[in-house]
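For reference, upload39.cif (mmCIF, C-alpha atoms):
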data_run
#
loop_
_atom_site.label_atom_id
_atom_site.label_comp_id
_atom_site.auth_asym_id
_atom_site.auth_seq_id
_atom_site.Cartn_x
_atom_site.Cartn_y
_atom_site.Cartn_z
CA MET A 1 9.07 10.92 26.10
CA PRO A 2 10.77 7.51 26.19
CA ILE A 3 11.32 6.25 22.66
CA LEU A 4 9.32 3.02 23.16
CA LEU A 5 6.24 4.96 24.29
CA ASP A 6 6.74 7.44 21.47
CA LEU A 7 6.89 4.58 18.93
CA PHE A 8 3.78 2.97 20.39
CA LEU A 9 1.75 6.20 20.42
CA THR A 10 2.93 7.35 16.99
CA PHE A 11 2.00 4.05 15.36
CA PHE A 12 -1.23 3.91 17.34
CA ARG A 13 -2.12 7.21 15.70
CA ILE A 14 -1.10 5.93 12.28
CA GLY A 15 -3.16 2.76 12.79
CA LEU A 16 -6.16 4.77 13.90
CA PHE A 17 -6.23 6.97 10.81
CA THR A 18 -5.36 4.50 8.10
CA PHE A 19 -8.32 3.57 5.97
CA GLY A 20 -8.35 1.47 2.84
CA GLY A 21 -5.21 -0.61 3.32
CA GLY A 22 -1.46 -0.23 3.12
CA TYR A 23 -0.91 2.14 0.22
CA ALA A 24 -2.82 4.94 1.94
CA MET A 25 -0.64 4.31 4.97
CA ILE A 26 2.51 5.11 2.97
CA SER A 27 1.47 8.78 2.94
CA LEU A 28 0.80 8.76 6.68
CA ILE A 29 4.08 7.06 7.59
CA ASP A 30 5.98 9.36 5.26
CA ASP A 31 4.36 12.43 6.79
CA THR A 32 4.99 11.26 10.37
CA CYS A 33 8.25 9.33 10.30
CA VAL A 34 10.15 11.17 7.55
CA GLU A 35 8.95 14.77 7.76
CA ARG A 36 7.89 15.27 11.38
CA LYS A 37 9.81 12.77 13.53
CA ARG A 38 12.76 12.31 11.18
CA TRP A 39 13.11 8.69 12.27
CA ILE A 40 13.92 7.56 8.75
CA THR A 41 15.07 9.21 5.52
CA ARG A 42 13.03 9.31 2.32
CA ASP A 43 15.48 6.78 0.82
CA GLU A 44 14.73 4.39 3.65
CA MET A 45 11.01 5.03 3.20
CA MET A 46 11.43 3.90 -0.41
CA ASP A 47 13.29 0.76 0.80
CA ILE A 48 10.55 0.01 3.35
CA THR A 49 7.89 0.27 0.69
CA VAL A 50 9.75 -2.15 -1.55
CA ILE A 51 10.51 -4.58 1.27
CA ALA A 52 6.94 -4.43 2.60
CA GLU A 53 5.60 -5.20 -0.86
CA SER A 54 8.01 -8.08 -1.42
CA THR A 55 7.52 -9.75 1.96
CA PRO A 56 4.39 -11.49 3.21
CA GLY A 57 1.90 -9.90 5.54
CA PRO A 58 0.06 -6.60 5.87
CA ILE A 59 2.12 -3.64 4.64
CA ALA A 60 1.21 -1.73 7.80
CA ILE A 61 2.85 -4.37 9.99
CA ASN A 62 5.96 -4.58 7.78
CA CYS A 63 6.43 -0.80 7.97
CA ALA A 64 5.85 -0.55 11.72
CA THR A 65 8.28 -3.38 12.42
CA PHE A 66 10.92 -1.80 10.17
CA VAL A 67 10.74 1.69 11.67
CA GLY A 68 10.52 0.36 15.24
CA TYR A 69 13.49 -1.94 14.77
CA LYS A 70 15.57 0.86 13.33
CA GLN A 71 14.88 3.07 16.33
CA LYS A 72 15.24 0.60 19.18
CA GLY A 73 15.88 -2.96 18.01
CA LEU A 74 13.48 -5.75 18.81
CA PRO A 75 11.63 -3.95 21.67
CA GLY A 76 11.11 -0.97 19.36
CA ALA A 77 9.79 -3.22 16.61
CA ALA A 78 7.35 -4.81 19.07
CA ALA A 79 6.16 -1.42 20.43
CA ALA A 80 5.49 -0.02 16.94
CA THR A 81 3.80 -3.19 15.69
CA VAL A 82 1.51 -3.53 18.70
CA GLY A 83 0.75 0.18 18.42
CA VAL A 84 -0.36 -0.06 14.79
CA VAL A 85 -2.53 -3.14 15.46
CA VAL A 86 -4.35 -2.08 18.64
CA PRO A 87 -6.70 0.57 17.15
CA SER A 88 -8.12 -1.71 14.47
CA PHE A 89 -8.30 -4.59 16.95
CA LEU A 90 -10.41 -2.54 19.37
CA VAL A 91 -12.64 -1.07 16.67
CA ILE A 92 -13.40 -4.46 15.11
CA LEU A 93 -13.91 -6.09 18.50
CA LEU A 94 -16.45 -3.38 19.32
CA ILE A 95 -18.22 -3.75 15.99
CA SER A 96 -18.36 -7.54 16.11
CA THR A 97 -19.70 -7.46 19.66
CA PHE A 98 -22.18 -4.61 19.50
CA LEU A 99 -22.91 -3.58 15.94
CA ASP A 100 -24.34 -6.23 13.66
CA ARG A 101 -25.34 -3.77 10.99
CA PHE A 102 -22.38 -1.39 11.11
CA LEU A 103 -22.50 -0.32 7.46
CA GLU A 104 -26.22 0.37 7.61
CA ILE A 105 -25.72 3.28 10.01
CA THR A 106 -26.20 6.05 7.49
CA TRP A 107 -23.87 8.72 8.83
CA ILE A 108 -21.01 6.23 9.08
CA ALA A 109 -21.64 5.10 5.51
CA HIS A 110 -21.63 8.73 4.35
CA ALA A 111 -18.48 9.60 6.28
CA PHE A 112 -16.80 6.57 4.74
CA GLN A 113 -17.86 7.62 1.25
CA GLY A 114 -16.04 10.89 1.93
CA ILE A 115 -13.00 9.12 3.41
CA LYS A 116 -12.74 6.93 0.31
CA LEU A 117 -12.26 10.05 -1.79
CA ALA A 118 -9.44 11.18 0.50
CA VAL A 119 -7.80 7.74 0.39
CA GLY A 120 -7.54 7.94 -3.40
CA ILE A 121 -5.78 11.31 -3.07
CA LEU A 122 -3.42 9.99 -0.38
CA ILE A 123 -2.39 7.01 -2.52
CA LEU A 124 -1.82 9.32 -5.48
CA ASP A 125 0.30 11.54 -3.21
CA ALA A 126 2.39 8.54 -2.12
CA ALA A 127 2.94 7.65 -5.78
CA LEU A 128 3.93 11.24 -6.70
CA LYS A 129 6.50 11.29 -3.88
CA MET A 130 7.90 7.98 -5.09
CA ILE A 131 8.05 9.24 -8.69
CA ARG A 132 9.96 12.33 -7.60
CA HIS A 133 12.41 9.93 -5.99
CA THR A 134 12.80 7.66 -9.02
CA GLU A 135 15.92 7.86 -11.18
CA LYS A 136 14.98 9.64 -14.40
CA LYS A 137 16.68 7.08 -16.64
CA PRO A 138 15.12 5.06 -19.47
CA LEU A 139 15.05 1.66 -17.71
CA PRO A 140 13.36 2.66 -14.41
CA LEU A 141 10.91 4.91 -16.25
CA ALA A 142 10.04 2.10 -18.66
CA ILE A 143 9.53 -0.37 -15.80
CA MET A 144 7.34 2.16 -14.00
CA GLY A 145 5.23 2.76 -17.10
CA CYS A 146 4.84 -0.95 -17.84
CA ALA A 147 3.89 -1.69 -14.24
CA ALA A 148 1.25 1.04 -14.19
CA VAL A 149 -0.24 0.01 -17.54
CA GLY A 150 -0.06 -3.70 -16.65
CA MET A 151 -1.81 -3.09 -13.34
CA LEU A 152 -4.47 -0.99 -15.09
CA LEU A 153 -5.17 -3.85 -17.51
CA ILE A 154 -5.38 -6.31 -14.61
CA ASP A 155 -7.91 -4.05 -12.87
CA LEU A 156 -9.97 -3.14 -15.94
CA LEU A 157 -10.21 -6.69 -17.26
CA ALA A 158 -10.51 -8.13 -13.74
CA LEU A 159 -7.70 -10.59 -14.51
CA ARG A 160 -6.74 -13.02 -11.79
CA VAL A 161 -3.09 -11.97 -11.84
CA SER A 162 -1.48 -10.55 -8.74
CA SER A 163 0.88 -7.58 -8.61
CA ILE A 164 3.53 -10.10 -7.53
CA ALA A 165 3.78 -11.27 -11.15
CA LEU A 166 4.62 -7.71 -12.23
CA MET A 167 7.20 -7.40 -9.47
CA LEU A 168 8.85 -10.70 -10.43
CA ALA A 169 9.01 -9.57 -14.06
CA ALA A 170 10.57 -6.23 -13.05
CA ALA A 171 13.15 -7.98 -10.87
CA VAL A 172 14.08 -10.37 -13.68
CA VAL A 173 14.37 -7.55 -16.26
CA SER A 174 16.49 -5.39 -13.98
CA LEU A 175 18.78 -8.28 -13.00
CA SER A 176 19.22 -9.36 -16.64
CA VAL A 177 20.12 -5.85 -17.73
CA PHE A 178 22.63 -5.67 -14.88
CA LEU A 179 24.19 -9.02 -15.85
CA CYS A 180 24.35 -8.06 -19.54
CA ARG A 181 26.05 -4.79 -18.75
CA GLN A 182 28.52 -6.59 -16.50
CA LEU A 183 29.35 -9.12 -19.21
CA ARG A 184 29.77 -6.40 -21.81
CA GLY A 185 31.90 -4.44 -19.36
CA LYS A 186 34.17 -7.45 -18.90
CA GLY A 187 34.28 -8.08 -22.67
CA ALA A 188 35.53 -4.54 -23.25
CA GLY A 189 38.13 -5.01 -20.53
CA LYS A 190 36.53 -2.51 -18.16
CA PRO A 191 36.67 -3.10 -14.40
CA MET B 1 -9.95 -27.28 18.64
CA ILE B 2 -10.97 -23.83 17.44
CA PHE B 3 -7.99 -21.91 18.89
CA LEU B 4 -5.50 -24.13 17.09
CA GLN B 5 -7.48 -23.82 13.84
CA LEU B 6 -7.55 -20.04 14.14
CA LEU B 7 -3.82 -20.00 14.82
CA ILE B 8 -2.93 -22.21 11.86
CA GLY B 9 -5.45 -20.60 9.48
CA PHE B 10 -4.28 -17.05 10.10
CA LEU B 11 -0.59 -17.96 10.24
CA GLN B 12 -1.19 -19.23 6.70
CA VAL B 13 -2.83 -15.95 5.70
CA GLY B 14 -0.03 -13.89 7.25
CA LEU B 15 2.71 -16.00 5.73
CA PHE B 16 1.47 -16.30 2.15
CA SER B 17 -0.17 -12.94 1.54
CA PHE B 18 2.19 -10.89 -0.56
CA GLY B 19 1.49 -7.44 -1.90
CA GLY B 20 -1.19 -6.13 0.42
CA ALA B 21 -4.73 -7.07 1.32
CA TYR B 22 -6.35 -6.85 -2.09
CA ALA B 23 -3.87 -9.29 -3.57
CA ALA B 24 -4.45 -11.53 -0.54
CA ILE B 25 -8.24 -11.63 -0.68
CA PRO B 26 -8.40 -14.87 -2.73
CA LEU B 27 -6.15 -16.56 -0.15
CA ILE B 28 -8.15 -15.19 2.79
CA ARG B 29 -11.35 -16.33 1.08
CA SER B 30 -10.11 -19.88 0.62
CA VAL B 31 -8.86 -20.20 4.22
CA VAL B 32 -11.96 -18.66 5.79
CA LEU B 33 -14.38 -20.63 3.62
CA SER B 34 -12.54 -23.94 4.00
CA TYR B 35 -12.79 -23.76 7.80
CA GLY B 36 -16.40 -22.64 7.45
CA TRP B 37 -15.84 -19.55 9.60
CA LEU B 38 -17.82 -17.23 7.35
CA ASP B 39 -20.01 -17.78 4.29
CA ASP B 40 -19.36 -15.93 1.06
CA GLU B 41 -21.91 -13.21 1.70
CA MET B 42 -20.65 -12.53 5.22
CA LEU B 43 -17.07 -12.43 3.96
CA THR B 44 -17.93 -9.82 1.32
CA TYR B 45 -19.69 -7.76 3.98
CA MET B 46 -16.72 -8.07 6.35
CA ILE B 47 -14.29 -6.98 3.64
CA ALA B 48 -16.44 -3.87 3.20
CA VAL B 49 -16.42 -3.29 6.98
CA SER B 50 -12.63 -3.80 7.10
CA GLU B 51 -12.20 -1.20 4.39
CA SER B 52 -14.34 1.31 6.28
CA THR B 53 -12.64 0.85 9.63
CA PRO B 54 -9.14 2.00 10.44
CA GLY B 55 -6.17 -0.31 10.13
CA SER B 56 -4.94 -3.10 7.93
CA ILE B 57 -7.70 -5.01 6.17
CA MET B 58 -6.10 -8.36 6.96
CA VAL B 59 -5.80 -7.58 10.65
CA ASN B 60 -9.40 -6.38 10.76
CA LEU B 61 -10.63 -9.59 9.16
CA ALA B 62 -8.58 -11.75 11.52
CA THR B 63 -9.90 -9.90 14.57
CA TYR B 64 -13.46 -10.23 13.33
CA VAL B 65 -13.29 -13.92 12.48
CA GLY B 66 -11.50 -14.74 15.74
CA SER B 67 -14.01 -12.80 17.79
CA SER B 68 -17.01 -14.29 16.01
CA GLN B 69 -15.68 -17.85 16.46
CA ALA B 70 -14.24 -17.75 19.97
CA GLY B 71 -14.75 -14.37 21.61
CA LEU B 72 -11.90 -12.23 22.91
CA PRO B 73 -9.32 -15.07 23.19
CA GLY B 74 -10.11 -16.07 19.61
CA ALA B 75 -9.71 -12.48 18.42
CA LEU B 76 -6.33 -12.21 20.17
CA ILE B 77 -5.04 -15.48 18.73
CA ALA B 78 -6.20 -14.80 15.16
CA THR B 79 -4.81 -11.26 15.20
CA ALA B 80 -1.46 -12.33 16.64
CA ALA B 81 -1.26 -15.15 14.09
CA VAL B 82 -1.82 -12.86 11.10
CA VAL B 83 0.71 -10.30 12.38
CA LEU B 84 3.48 -12.65 13.50
CA PRO B 85 4.88 -13.78 10.11
CA ALA B 86 5.22 -10.19 8.86
CA PHE B 87 6.92 -9.18 12.10
CA VAL B 88 9.39 -12.07 12.05
CA VAL B 89 10.18 -11.69 8.35
CA ILE B 90 10.92 -7.97 8.65
CA TRP B 91 12.99 -8.60 11.76
CA LEU B 92 15.05 -11.18 9.85
CA VAL B 93 15.36 -8.81 6.89
CA MET B 94 16.60 -6.05 9.22
CA VAL B 95 19.15 -8.34 10.83
CA LEU B 96 20.42 -9.52 7.45
CA LEU B 97 19.72 -6.29 5.59
CA LYS B 98 23.02 -4.50 5.90
CA LYS B 99 24.94 -7.30 4.23
CA LEU B 100 22.17 -8.16 1.80
CA LEU B 101 21.62 -4.65 0.49
CA LYS B 102 25.31 -4.21 -0.36
CA ASN B 103 25.24 -7.24 -2.64
CA PRO B 104 25.32 -5.91 -6.24
CA TYR B 105 22.81 -8.50 -7.45
CA ALA B 106 20.35 -7.64 -4.68
CA GLN B 107 20.79 -3.99 -5.61
CA ALA B 108 20.02 -4.76 -9.24
CA VAL B 109 16.81 -6.51 -8.15
CA LEU B 110 15.87 -3.56 -5.91
CA ARG B 111 16.53 -1.12 -8.76
CA GLY B 112 13.91 -2.99 -10.76
CA LEU B 113 11.42 -3.36 -7.90
CA LYS B 114 11.33 0.31 -6.90
CA PRO B 115 9.99 1.74 -10.17
CA CYS B 116 7.68 -1.27 -10.52
CA ILE B 117 6.07 -0.63 -7.14
CA THR B 118 5.93 3.09 -7.89
CA GLY B 119 3.95 2.24 -11.03
CA ILE B 120 1.64 -0.09 -9.11
CA VAL B 121 0.95 2.51 -6.40
CA LEU B 122 0.35 5.18 -9.06
CA GLU B 123 -2.15 2.96 -10.84
CA THR B 124 -3.87 2.06 -7.57
CA GLY B 125 -4.37 5.74 -6.71
CA VAL B 126 -5.55 6.75 -10.17
CA PHE B 127 -7.85 3.72 -10.48
CA MET B 128 -9.36 4.36 -7.06
CA ILE B 129 -10.05 8.01 -7.87
CA LEU B 130 -11.58 6.96 -11.21
CA GLN B 131 -13.77 4.38 -9.49
CA ASN B 132 -14.88 6.88 -6.86
CA CYS B 133 -15.77 9.50 -9.44
CA MET B 134 -17.24 7.34 -12.18
CA GLY B 135 -19.64 5.35 -10.00
CA GLY B 136 -17.78 2.15 -10.91
CA VAL B 137 -15.50 2.37 -13.92
CA ARG B 138 -17.58 0.25 -16.27
CA GLN B 139 -20.74 2.30 -15.88
CA GLY B 140 -19.01 5.31 -17.38
CA SER B 141 -21.45 7.95 -16.15
CA PRO B 142 -19.58 10.37 -13.91
CA ASP B 143 -20.65 10.85 -10.32
CA TRP B 144 -20.49 14.66 -10.34
CA VAL B 145 -20.83 15.07 -6.59
CA SER B 146 -17.89 12.77 -5.82
CA LEU B 147 -15.89 14.36 -8.61
CA ALA B 148 -16.45 17.83 -7.15
CA VAL B 149 -15.62 16.73 -3.59
CA THR B 150 -12.46 14.95 -4.79
CA ALA B 151 -11.37 18.07 -6.65
CA VAL B 152 -11.94 20.27 -3.60
CA LEU B 153 -10.12 17.82 -1.28
CA ALA B 154 -7.18 17.57 -3.69
CA ALA B 155 -7.05 21.35 -3.99
CA ILE B 156 -6.99 21.67 -0.18
CA TYR B 157 -4.40 18.93 0.29
CA PHE B 158 -1.95 19.83 -2.46
CA GLY B 159 -2.75 23.56 -2.34
CA SER B 160 -1.98 23.87 1.37
CA ARG B 161 1.62 22.88 0.60
CA ARG B 162 2.03 25.93 -1.60
CA ILE B 163 0.90 28.19 1.21
CA ARG B 164 2.57 26.56 4.18
CA GLY B 165 5.60 24.24 3.71
CA LYS B 166 4.35 20.84 4.77
CA GLY B 167 0.69 21.52 4.15
CA ILE B 168 -2.10 19.78 6.05
CA SER B 169 -1.41 16.28 7.32
CA PRO B 170 -3.04 13.16 5.81
CA ILE B 171 -4.95 12.76 9.09
CA ALA B 172 -6.45 16.24 8.74
CA LEU B 173 -7.42 15.39 5.16
CA ILE B 174 -9.22 12.25 6.32
CA GLY B 175 -11.07 14.24 8.98
CA ILE B 176 -12.15 16.88 6.48
CA ALA B 177 -13.21 14.19 4.01
CA ALA B 178 -15.33 12.38 6.63
CA LEU B 179 -17.13 15.62 7.51
CA ALA B 180 -17.57 16.45 3.82
CA GLY B 181 -19.03 12.98 3.26
CA VAL B 182 -21.60 13.39 6.03
CA ALA B 183 -22.51 16.86 4.78
CA VAL B 184 -22.66 16.12 1.06
CA TYR B 185 -24.06 12.59 0.87
CA GLY B 186 -26.35 13.09 3.87
CA ILE B 187 -28.43 15.69 2.09
#
What is this structure when it is put down as structure tokens?
Amino acid sequence: MPILLDLFLTFFRIGLFTFGGGYAMISLIDDTCVERKRWITRDEMMDITVIAESTPGPIAINCATFVGYKQKGLPGAAAATVGVVVPSFLVILLISTFLDRFLEITWIAHAFQGIKLAVGILILDAALKMIRHTEKKPLPLAIMGCAAVGMLLIDLLALRVSSIALMLAAAVVSLSVFLCRQLRGKGAGKP
Amino acid sequence: MIFLQLLIGFLQVGLFSFGGAYAAIPLIRSVVLSYGWLDDEMLTYMIAVSESTPGSIMVNLATYVGSSQAGLPGALIATAAVVLPAFVVIWLVMVLLKKLLKNPYAQAVLRGLKPCITGIVLETGVFMILQNCMGGVRQGSPDWVSLAVTAVLAAIYFGSRRIRGKGISPIALIGIAALAGVAVYGI
């Protein structure tokens, strides 16, 4: 199959089966692009996740553009991005045109209640894969712990703080530690 | 001119929404309400619909608002507008990435961001499972049915890896969960 068509169809499939936003999609993209298609490595998957989180826009679009571009430049990026958007576009268009009371259809509501349970598991799975891939050193582990606890407080207390604040803090801490170490290294006459 | 408004409104959403749809909901709310495209109640309903339909929540909302305001052309314009900034930004990152990622300072920042995002994703998963199984965290009375279904789904998903290398795919899990939902909650 030509690579552009493959990218389009693969991301069409990912777009069709992603419920509940970007984090659940990490598991799907990992499963498809790292383990089955081998388009990207797990290291790159980690980079994509970070870049998608730190850049504006839906995570799904960021990921599709990244993988597509890596495979086939700009045309590849376009094929993957259009592919991931089309399923939700068609579904919503259908709903907004024909189904005023979509969520009141009982079997759909029940199916979605079930899907929500699966989405929680998929996000947890994405996190476990990322943890396995995290350096087991004090600083990264501390940042990870603080981020998880901080986010939990934000959610439990319904604070109006975005995860971006946590990410900025982590970036500042990591950069400061790096600069301190560099200064100390120079002070001791190390390269 | 509605098409121009849709274009500008959703370019704004696409350009300034960092960190996924949930973080972006306040921004989406302010844009959508300020143009008067949806009222608060309709927006809440549409967020629920976007969560229950496949795809990115932001894209779903853009398609819906565009379609409700100006039919198919409106849906196309709003969707393209919300997608375009993310596409262009990632393209620029990819073009500049090779040089950028080798910079030691950029690497130091990335070393901090990775564990931070890992922690955020971990919390999101755990919190979502808690919410699903506790009938809303603050209520505190467990929803035994959801708890049982979650346990079975997790056992199938993680257990299948023990038996057969890669285990079942996330798509299969979603299919099983949808059927389980119809069967269990429908009774």
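CA of Thr32 (chain A) is positioned 19.5 Å from CA of Ala177 (chain B).
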Kindly resolve the PyMOL selection byres ((chain B and resi 132-134) around 12) on the present coordinates and return the residues as an mmCIF file with C-alpha atoms, in the coordinates of the input.
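Everything below was put into result31.cif:
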data_model
loop_
_atom_site.group_PDB
_atom_site.id
_atom_site.type_symbol
_atom_site.label_atom_id
_atom_site.label_comp_id
_atom_site.auth_asym_id
_atom_site.auth_seq_id
_atom_site.Cartn_x
_atom_site.Cartn_y
_atom_site.Cartn_z
ATOM 1 C CA PHE A 112 -16.800 6.570 4.740
ATOM 2 C CA GLN A 113 -17.860 7.620 1.250
ATOM 3 C CA GLY A 114 -16.040 10.890 1.930
ATOM 4 C CA ILE A 115 -13.000 9.120 3.410
ATOM 5 C CA LYS A 116 -12.740 6.930 0.310
ATOM 6 C CA LEU A 117 -12.260 10.050 -1.790
ATOM 7 C CA ALA A 118 -9.440 11.180 0.500
ATOM 8 C CA VAL A 119 -7.800 7.740 0.390
ATOM 9 C CA GLY A 120 -7.540 7.940 -3.400
ATOM 10 C CA ILE A 121 -5.780 11.310 -3.070
ATOM 11 C CA GLY B 125 -4.370 5.740 -6.710
ATOM 12 C CA VAL B 126 -5.550 6.750 -10.170
ATOM 13 C CA PHE B 127 -7.850 3.720 -10.480
ATOM 14 C CA MET B 128 -9.360 4.360 -7.060
ATOM 15 C CA ILE B 129 -10.050 8.010 -7.870
ATOM 16 C CA LEU B 130 -11.580 6.960 -11.210
ATOM 17 C CA GLN B 131 -13.770 4.380 -9.490
ATOM 18 C CA GLY B 135 -19.640 5.350 -10.000
ATOM 19 C CA GLY B 136 -17.780 2.150 -10.910
ATOM 20 C CA VAL B 137 -15.500 2.370 -13.920
ATOM 21 C CA ARG B 138 -17.580 0.250 -16.270
ATOM 22 C CA GLN B 139 -20.740 2.300 -15.880
ATOM 23 C CA GLY B 140 -19.010 5.310 -17.380
ATOM 24 C CA SER B 141 -21.450 7.950 -16.150
ATOM 25 C CA PRO B 142 -19.580 10.370 -13.910
ATOM 26 C CA ASP B 143 -20.650 10.850 -10.320
ATOM 27 C CA TRP B 144 -20.490 14.660 -10.340
ATOM 28 C CA VAL B 145 -20.830 15.070 -6.590
ATOM 29 C CA SER B 146 -17.890 12.770 -5.820
ATOM 30 C CA LEU B 147 -15.890 14.360 -8.610
ATOM 31 C CA ALA B 148 -16.450 17.830 -7.150
ATOM 32 C CA VAL B 149 -15.620 16.730 -3.590
ATOM 33 C CA THR B 150 -12.460 14.950 -4.790
ATOM 34 C CA ALA B 151 -11.370 18.070 -6.650
#
Residues near Ile26 (chain A), cut-off 8 Å, all atoms listed in the file, skip fewer than 5 positions along chain, as a compact mmCIF listing (two decimals) with C-alpha atoms, in the frame of the given file:
# COMPACT_ATOMS: atom_id res chain seq x y z
CA THR A 49 7.89 0.27 0.69
CA ILE A 123 -2.39 7.01 -2.52
CA ALA A 126 2.39 8.54 -2.12
Original post:
Care to translate the PyMOL selection byres ((chain B and resi 48) around 12) into actual residues of this file, as a ChimeraX atom specification?
Top reply: /A:19-21,101-104,109,112-113,116 /B:22,25,41-47,49-54,57-58,60-61
Subject >> Long-range neighbours of Phe18 (chain B) as JSON, numbers by chain, 10 Å cut-off, all atoms listed in the file, 4 positions minimum in chain >> reply: {"A": [52, 53, 54, 55, 56, 57, 58, 59, 162, 163, 164], "B": [13, 14, 22, 23, 24, 86]}
Subject >> Between CA of Leu9 (chain A) and CA of Ala60 (chain A) - distance in Å to one decimal >> reply: 14.9 Å
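Among the candidates B:Lys98, B:Arg161, B:Arg29, B:Lys166, the one nearest to chain A when counting only C-alpha atoms is B:Lys166.
Counting all atoms listed in the file and comparing A:Ala170, A:Leu128, A:Ala165, A:Leu157, the residue that lies closest to Ala142 (chain A) is A:Ala170.
The coordinates place CA of Ile14 (chain A) at 19.7 Å from CA of Met130 (chain A).
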Subject >> Expected answer as a ChimeraX atom specification: all residues with atoms within 12 Å of (12.1, 9.6, 6.5), all atoms listed in the file >> reply: /A:26-49,63,67,70,129
If I wrap all listed atoms of region 60-79 of chain B in a box with edges along x, y and z and add 8 Å on each side, what are its centre and edge lengths in Å to one decimal, as lines of an AutoDock Vina configuration file?
center_x = -10.9
center_y = -12.1
center_z = 16.2
size_x = 28.2
size_y = 27.5
size_z = 30.0
**OP:** Pull out every residue that the PyMOL selection byres ((chain A and resi 150) around 12) matches in the shown coordinates and put them as number ranges by chain.
**Re:** A: 142-149, 151-159, 161-167, 169-170; B: 116-117, 119-120, 122-124
Original post:
So which one's closest to chain B, A:Ile105, A:Thr97, A:Lys136, A:Ser174? Using all atoms listed in the file, please.
Top reply: A:Ser174
Reconstruct N, CA and C atoms of region 153-164 of chain B from the incomplete input and present them as a compact mmCIF listing (two decimals), in the coordinates of the input.
# COMPACT_ATOMS: atom_id res chain seq x y z
N LEU B 153 -11.05 18.43 -2.24
CA LEU B 153 -10.12 17.82 -1.28
C LEU B 153 -8.69 17.88 -1.82
N ALA B 154 -8.52 17.55 -3.10
CA ALA B 154 -7.18 17.57 -3.69
C ALA B 154 -6.62 18.99 -3.68
N ALA B 155 -7.50 19.95 -3.99
CA ALA B 155 -7.05 21.35 -3.99
C ALA B 155 -6.60 21.76 -2.58
N ILE B 156 -7.37 21.33 -1.56
CA ILE B 156 -6.99 21.67 -0.18
C ILE B 156 -5.67 21.01 0.18
N TYR B 157 -5.56 19.70 -0.14
CA TYR B 157 -4.40 18.93 0.29
C TYR B 157 -3.12 19.39 -0.40
N PHE B 158 -3.16 19.43 -1.74
CA PHE B 158 -1.95 19.83 -2.46
C PHE B 158 -1.75 21.34 -2.40
N GLY B 159 -2.86 22.11 -2.37
CA GLY B 159 -2.75 23.56 -2.34
C GLY B 159 -2.15 24.07 -1.03
N SER B 160 -2.47 23.38 0.08
CA SER B 160 -1.98 23.87 1.37
C SER B 160 -0.46 23.80 1.45
N ARG B 161 0.15 22.96 0.60
CA ARG B 161 1.62 22.88 0.60
C ARG B 161 2.24 24.13 -0.01
N ARG B 162 1.52 24.72 -0.98
CA ARG B 162 2.03 25.93 -1.60
C ARG B 162 2.09 27.06 -0.57
N ILE B 163 1.04 27.08 0.28
CA ILE B 163 0.90 28.19 1.21
C ILE B 163 1.83 28.00 2.41
N ARG B 164 1.90 26.76 2.89
CA ARG B 164 2.57 26.56 4.18
C ARG B 164 3.36 25.25 4.10
